[in-house]
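> Sending over a structure as structure tokens; questions will come in a sec.
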Amino acid sequence: MLGKTRGARRRAGASKSRRSTPAKQRDTHLRSADFFDVDAFPEITYESTRVEPLDENSSRVWGNLTMHGITREVKLDLVLQGTDIDPWGNERAGAEIQGFLNRKDFDMKFNQALGSGNLLVGDKVRITIEISGIRKK
């Protein structure tokens with residue numbers, strides 16, 4: 001199935017103002033200029049530029065991630081979780097996508113020293129995305 005992705009280009013976006021966690025105060029801080037600055041940069045986008053199939057169920061995807069007004073190339077690993085026909089007759093596929101980025105590459109520099117001398121926020125950020133898609137007919 002993934003062999004059919006060669007040469008495919010995809011673009012995805014997410015509104016940062018709609019993301020939430022169980023901690024309202026933390027959400028407010030993450031939306032502030034200290035982190036995502038959603039008033040100035042309301043969306044994160046990723047546009048793939050090339051796909052390298054690794055085996056029947058996994059691929060490496062390179063693309064341009066735009067966040068906080070800055071675009072950088074980011075590599076993501078995609079693993080196909082399975083395909084099936086849904087109740088409406090559509091071919092549906094599920095996948096998990098993972099990768100890492102350095103938040104400082106996107107001018108996100110806020111930090112705070114803890115009592116131990118360690119910093120509150122690390123620079124390495126893990127990206128995990130779980131998606132379900134329907135094949136166009």
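A note on labels: chains of the structure tokens are A, B, ... as shown, every chain counts residues from 1, and ligands are counted from 1 in their shown order.
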Report as a ChimeraX atom specification all protein, DNA and RNA residues lying within 10 Å of A:Glu96, evaluated on only C-alpha atoms, omitting residues in the same chain fewer than 2 positions from it.
/A:58,77-81,94,98,128-132
> Quick one: DSSP helix (DSSP H, G or I) residues in stretch 72-129 of chain A, as a PyMOL selection string?
chain A and resi 103-106
> Point out the residue among A:Ile85, A:Val121, A:Ala113, A:Met108 with the least atom-to-atom distance to A:Met67, counting only C-alpha atoms.
A:Met108
> For the atom pair atom CA of A:Arg60 and atom CA of A:Leu76, what is the interatomic distance in Å to one decimal place?
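Computing the Euclidean distance for atom CA of A:Arg60 and atom CA of A:Leu76 yields 5.9 Å.
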> I'd like the neighbourhood of A:Trp62 as a ChimeraX atom specification, where a residue qualifies if any of its atoms comes within 10 Å (using only C-alpha atoms), though same-chain residues fewer than 5 positions away should be ignored.
/A:46-52,73-77
> Would you write out those residues with N, CA and C atoms, as a short mmCIF file (atom, residue, chain, number, x, y, z; two decimals), in the first residue's frame?

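Below is the file result_37.cif, written as the result:
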data_model
loop_
_atom_site.label_atom_id
_atom_site.label_comp_id
_atom_site.auth_asym_id
_atom_site.auth_seq_id
_atom_site.Cartn_x
_atom_site.Cartn_y
_atom_site.Cartn_z
N TYR A 46 2.41 21.47 7.69
CA TYR A 46 3.46 20.56 7.24
C TYR A 46 3.12 20.17 5.81
N GLU A 47 4.08 20.35 4.92
CA GLU A 47 3.89 19.95 3.53
C GLU A 47 5.01 19.01 3.14
N SER A 48 4.65 17.77 2.81
CA SER A 48 5.67 16.79 2.44
C SER A 48 6.33 17.18 1.12
N THR A 49 7.62 16.90 1.03
CA THR A 49 8.36 17.19 -0.20
C THR A 49 8.87 15.92 -0.86
N ARG A 50 9.03 14.85 -0.07
CA ARG A 50 9.41 13.56 -0.66
C ARG A 50 9.10 12.45 0.33
N VAL A 51 8.82 11.28 -0.23
CA VAL A 51 8.49 10.10 0.56
C VAL A 51 9.39 8.96 0.12
N GLU A 52 10.03 8.31 1.08
CA GLU A 52 10.90 7.18 0.80
C GLU A 52 10.31 5.94 1.46
N GLU A 73 12.88 22.10 7.33
CA GLU A 73 12.66 20.73 6.89
C GLU A 73 12.64 19.81 8.11
N VAL A 74 11.64 18.95 8.17
CA VAL A 74 11.50 17.99 9.26
C VAL A 74 11.25 16.61 8.66
N LYS A 75 11.95 15.61 9.19
CA LYS A 75 11.79 14.23 8.75
C LYS A 75 10.85 13.53 9.72
N LEU A 76 9.87 12.80 9.16
CA LEU A 76 8.92 12.05 9.97
C LEU A 76 8.90 10.59 9.51
N ASP A 77 8.66 9.67 10.43
CA ASP A 77 8.52 8.26 10.10
C ASP A 77 7.05 7.88 10.18
#
> Which is closest to A:Val61 among A:Ala23, A:Gly89, A:Ile97, A:Thr28, if we use only C-alpha atoms?
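Answer, going by the shortest atom-to-atom distance: A:Ile97.
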> Quick one: residues within 12 Å of A:Asp86, only C-alpha atoms counted, chain neighbours fewer than 5 positions away excluded, as a compact mmCIF listing (two decimals) with C-alpha atoms, in the first residue's frame?

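Saved as out27.txt:
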# COMPACT_ATOMS: atom_id res chain seq x y z
CA GLU A 91 -11.21 2.33 1.77
CA ARG A 92 -9.80 3.71 4.99
CA ALA A 93 -6.20 3.58 6.26
CA GLY A 94 -4.81 4.33 9.71
CA SER A 132 -7.19 7.98 9.62
CA GLY A 133 -7.68 8.73 5.95
CA ILE A 134 -10.09 7.77 3.19
CA ARG A 135 -8.81 6.97 -0.31
> Where in chain A does DSSP assign strand (DSSP E or B), given as an NGL selection string?
:A and (11-15 or 43-55 or 58-67 or 70-85 or 91-102 or 113 or 119 or 124-134)
